[in-house]
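**Q** Dropping in run-v4.txt, which is compact mmCIF, C-alpha atoms and all ligand atoms:
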# COMPACT_ATOMS: atom_id res chain seq x y z
CA MET H 1 4.82 -35.76 -35.83
CA THR H 2 2.85 -37.76 -33.34
CA ARG H 3 4.62 -40.24 -31.14
CA ALA H 4 3.15 -43.07 -29.17
CA HIS H 5 2.42 -42.19 -25.59
CA ARG H 6 4.88 -43.53 -23.03
CA PRO H 7 3.02 -44.58 -19.90
CA SER H 8 5.96 -43.91 -17.61
CA ARG H 9 5.53 -44.16 -13.87
CA TRP H 10 4.27 -40.89 -12.42
CA SER H 11 7.13 -38.97 -10.85
CA GLN H 12 7.90 -35.41 -9.97
CA SER H 13 11.58 -36.03 -9.52
CA PRO H 14 13.56 -34.43 -12.33
CA GLN H 15 14.11 -36.63 -15.33
CA ARG H 16 15.78 -36.15 -18.65
CA MET H 17 13.51 -34.93 -21.42
CA ARG H 18 12.98 -37.65 -23.92
CA ASP H 19 12.44 -35.22 -26.77
CA PRO H 20 13.38 -31.60 -26.04
CA GLU H 21 12.13 -30.57 -29.46
CA LEU H 22 8.59 -31.20 -28.35
CA ALA H 23 8.99 -28.54 -25.69
CA ASP H 24 9.83 -26.02 -28.40
CA GLU H 25 6.86 -27.00 -30.48
CA PHE H 26 4.21 -25.89 -28.05
CA ILE H 27 1.89 -23.33 -29.52
CA VAL H 28 0.00 -20.61 -27.77
CA ILE H 29 -3.68 -20.82 -28.43
CA ALA H 30 -4.61 -17.20 -28.75
CA PRO H 31 -6.38 -15.80 -25.74
CA SER H 32 -9.57 -13.92 -26.41
CA LYS H 33 -7.99 -10.69 -27.50
CA LYS H 34 -11.33 -8.98 -27.84
CA LYS H 35 -11.83 -8.83 -24.14
CA SER H 36 -8.52 -7.38 -23.14
CA LYS H 37 -5.04 -6.58 -24.32
CA LYS H 38 -3.82 -8.09 -21.12
CA PRO H 39 -5.49 -11.45 -20.78
CA ARG H 40 -4.92 -13.19 -17.52
CA GLN H 41 -4.42 -16.55 -19.09
CA LEU H 42 -2.62 -18.20 -21.94
CA THR H 43 -3.38 -21.68 -23.13
CA LEU H 44 -0.51 -23.69 -24.56
CA ALA H 45 -0.97 -26.84 -26.56
CA GLY H 46 1.45 -29.51 -27.64
CA ASN H 47 2.93 -32.83 -26.73
CA CYS H 48 4.71 -33.50 -23.45
CA PRO H 49 8.48 -33.89 -24.08
CA TYR H 50 8.57 -36.57 -21.39
CA CYS H 51 5.61 -38.84 -22.08
CA PHE H 52 4.58 -37.54 -25.53
CA GLY H 53 0.98 -37.18 -24.41
CA THR H 54 -1.10 -34.56 -26.19
CA MET H 55 -1.96 -31.89 -23.70
CA GLN H 56 -2.94 -28.33 -23.03
CA TYR H 57 -1.70 -26.19 -20.20
CA VAL H 58 -3.42 -23.08 -18.93
CA TRP H 59 -0.98 -20.55 -17.61
CA ASN H 60 -2.12 -17.69 -15.41
CA ARG H 61 -0.36 -14.39 -15.65
CA THR H 62 -0.67 -13.93 -11.92
CA THR H 63 2.22 -16.34 -11.66
CA VAL H 64 4.69 -13.86 -13.10
CA VAL H 65 6.25 -10.92 -11.37
CA GLY H 66 8.27 -7.99 -12.59
CA ALA H 67 8.70 -6.66 -16.09
CA ALA H 68 6.77 -9.38 -17.84
CA ASP H 69 3.73 -8.44 -15.87
CA ALA H 70 3.65 -5.04 -17.49
CA ALA H 71 3.90 -6.45 -20.99
CA ILE H 72 1.12 -5.91 -23.44
CA PHE H 73 -0.01 -9.17 -24.89
CA GLY H 74 -0.81 -9.79 -28.51
CA GLN H 75 1.97 -7.79 -30.12
CA GLY H 76 4.32 -10.69 -30.63
CA ASN H 77 7.25 -8.82 -29.20
CA THR H 78 7.24 -9.85 -25.59
CA GLU H 79 8.91 -13.01 -24.44
CA LEU H 80 7.56 -14.75 -21.42
CA THR H 81 9.21 -17.62 -19.65
CA ILE H 82 6.51 -20.01 -18.62
CA THR H 83 6.65 -23.15 -16.55
CA ILE H 84 4.50 -25.86 -18.07
CA HIS H 85 3.35 -28.89 -16.16
CA CYS H 86 2.29 -31.99 -18.00
CA THR H 87 -1.48 -32.41 -18.01
CA CYS H 88 -1.59 -35.50 -20.19
CA PRO H 89 -4.84 -37.35 -19.48
CA LEU H 90 -3.45 -40.79 -20.26
CA ASP H 91 -2.43 -43.40 -17.71
CA HIS H 92 0.66 -43.08 -15.54
CA SER H 93 0.94 -45.63 -12.78
CA GLY H 94 1.37 -44.28 -9.28
CA ARG H 95 -0.32 -40.99 -10.06
CA PRO H 96 -2.25 -39.48 -7.16
CA HIS H 97 -6.01 -39.40 -7.52
CA GLY H 98 -7.40 -36.30 -9.18
CA VAL H 99 -4.10 -35.38 -10.82
CA THR H 100 -3.34 -35.35 -14.53
CA GLY H 101 -0.04 -35.62 -16.34
CA CYS H 102 3.12 -37.62 -15.90
CA GLY H 103 4.39 -35.45 -13.05
CA GLN H 104 6.99 -33.62 -15.09
CA GLY H 105 7.30 -29.91 -15.76
CA TRP H 106 9.59 -27.71 -17.79
CA THR H 107 10.09 -24.10 -18.74
CA THR H 108 9.63 -22.63 -22.16
CA VAL H 109 9.73 -19.18 -23.69
CA VAL H 110 6.76 -17.93 -25.65
CA GLU H 111 6.17 -14.76 -27.59
CA VAL H 112 2.98 -12.97 -26.79
ZN ZN T 201 3.89 -35.94 -19.67
ZN ZN T 202 1.43 -39.00 -20.33
Give the structure from the file, written as structure tokens.
Ligand SMILES: [Zn+2]
Ligand SMILES: [Zn+2]

**A**
Amino acid sequence: MTRAHRPSRWSQSPQRMRDPELADEFIVIAPSKKKSKKPRQLTLAGNCPYCFGTMQYVWNRTTVVGAADAAIFGQGNTELTITIHCTCPLDHSGRPHGVTGCGQGWTTVVEV
């Protein structure tokens, strides 16, 4: 279900998610498995649970430490906790130049 974008004022201060279900509906766009079983990046796509903007977020595996780093991707049995930052390209007043999104971020768990 697509919702109308909410052009909230850009802010990085914590706010309540407007629709937590959207955070659970993010999908992992498969990394290029041909190249490596341990891709360095995952791309997640969905709608921001704060502003409802359609967005993609590229997560780099260099941002994790510990056990998850040793996981083999692509088997669907490893859970990674990832912090997503909104990259919605639509307007949010007060947003610094050169920045995308509404300023909000959240964590989600994905299977890889
Ligand atoms: Zn957003
Ligand atoms: Zn937005």

**Q** Identify, counting all atoms listed in the file, the protein, DNA and RNA residues located within 7 Å of ligand ZN 201 (chain T), and give them as an MDAnalysis selection string.

**A** chainID H and resid 48:53 86:88 101:104

**Q** Choose the residue, out of H:Ser8, H:Thr43, H:Asn60, H:Ser13, that has the smallest atom-to-atom separation from ligand ZN 202 (chain T); count all atoms listed in the file.

**A**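 Distance minimum relative to ligand ZN 202 (chain T) lands on H:Ser8.
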
**Q** Counting only C-alpha atoms and all ligand atoms, figure out which residue out of H:Arg6, H:Pro20, H:Ile27, H:Ser11 gets nearest to ligand ZN 202 (chain T).

**A**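 Once distances to ligand ZN 202 (chain T) are computed over only C-alpha atoms and all ligand atoms, the minimum belongs to H:Arg6.
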
**Q** Which of these residues is nearest to Pro7 (chain H), using all atoms listed in the file: H:Arg40, H:His85, H:Arg61, H:His92?

**A** H:His92

**Q** Name the closest residue to ligand ZN 202 (chain T) among the candidates H:Ile29, H:Leu80, H:Leu90, H:Val58; distances are taken between atoms, counting all atoms listed in the file.

**A** H:Leu90

**Q** Using all atoms listed in the file for the distances, tell me which of H:Ala45, H:Ala4, H:Ile82, H:Ala23 is nearest to ligand ZN 202 (chain T).

**A** H:Ala4

**Q** Which value, in Å to one decimal, gives the distance between CA of Pro89 (chain H) and CA of Trp59 (chain H)?

**A**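 Taking CA of Pro89 (chain H) as the start and CA of Trp59 (chain H) as the end point, the length is 17.3 Å.
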
**Q** When you count all atoms listed in the file, which of these residues is closest to Phe26 (chain H): H:Asp91, H:Gln41, H:Thr81, H:Thr108?

**A**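 Looking at the shortest contact to Phe26 (chain H), the residue is H:Thr108.
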
**Q** Find the distance between CA of Arg95 (chain H) and CA of Arg9 (chain H) and write it in Å to one decimal.

**A**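 Distance reported for this atom pair: 7.7 Å.
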
**Q** When you look at Ile84 (chain H) with a cut-off of 6 Å (counting only C-alpha atoms), what residues show up, excluding the ones that are within fewer than 2 positions of it in the same chain? I need them as a list of chain:residue names.

**A**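 Non-adjacent residues within range: H:Gly105, H:Trp106, H:Thr107.
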
**Q** What separation in Å, quoted to one decimal, exists between CA of Leu44 (chain H) and CA of Gln12 (chain H)?

**A**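 Those two atoms sit 20.5 Å apart.
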
**Q** If you count all atoms listed in the file, which residues fall within 7 Å of Glu79 (chain H), apart from same-chain ones fewer than 2 positions away, as a list of chain:residue names?

**A**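 Result of the neighbour search: H:Asn77, H:Thr81, H:Val109, H:Val110, H:Glu111, H:Val112.
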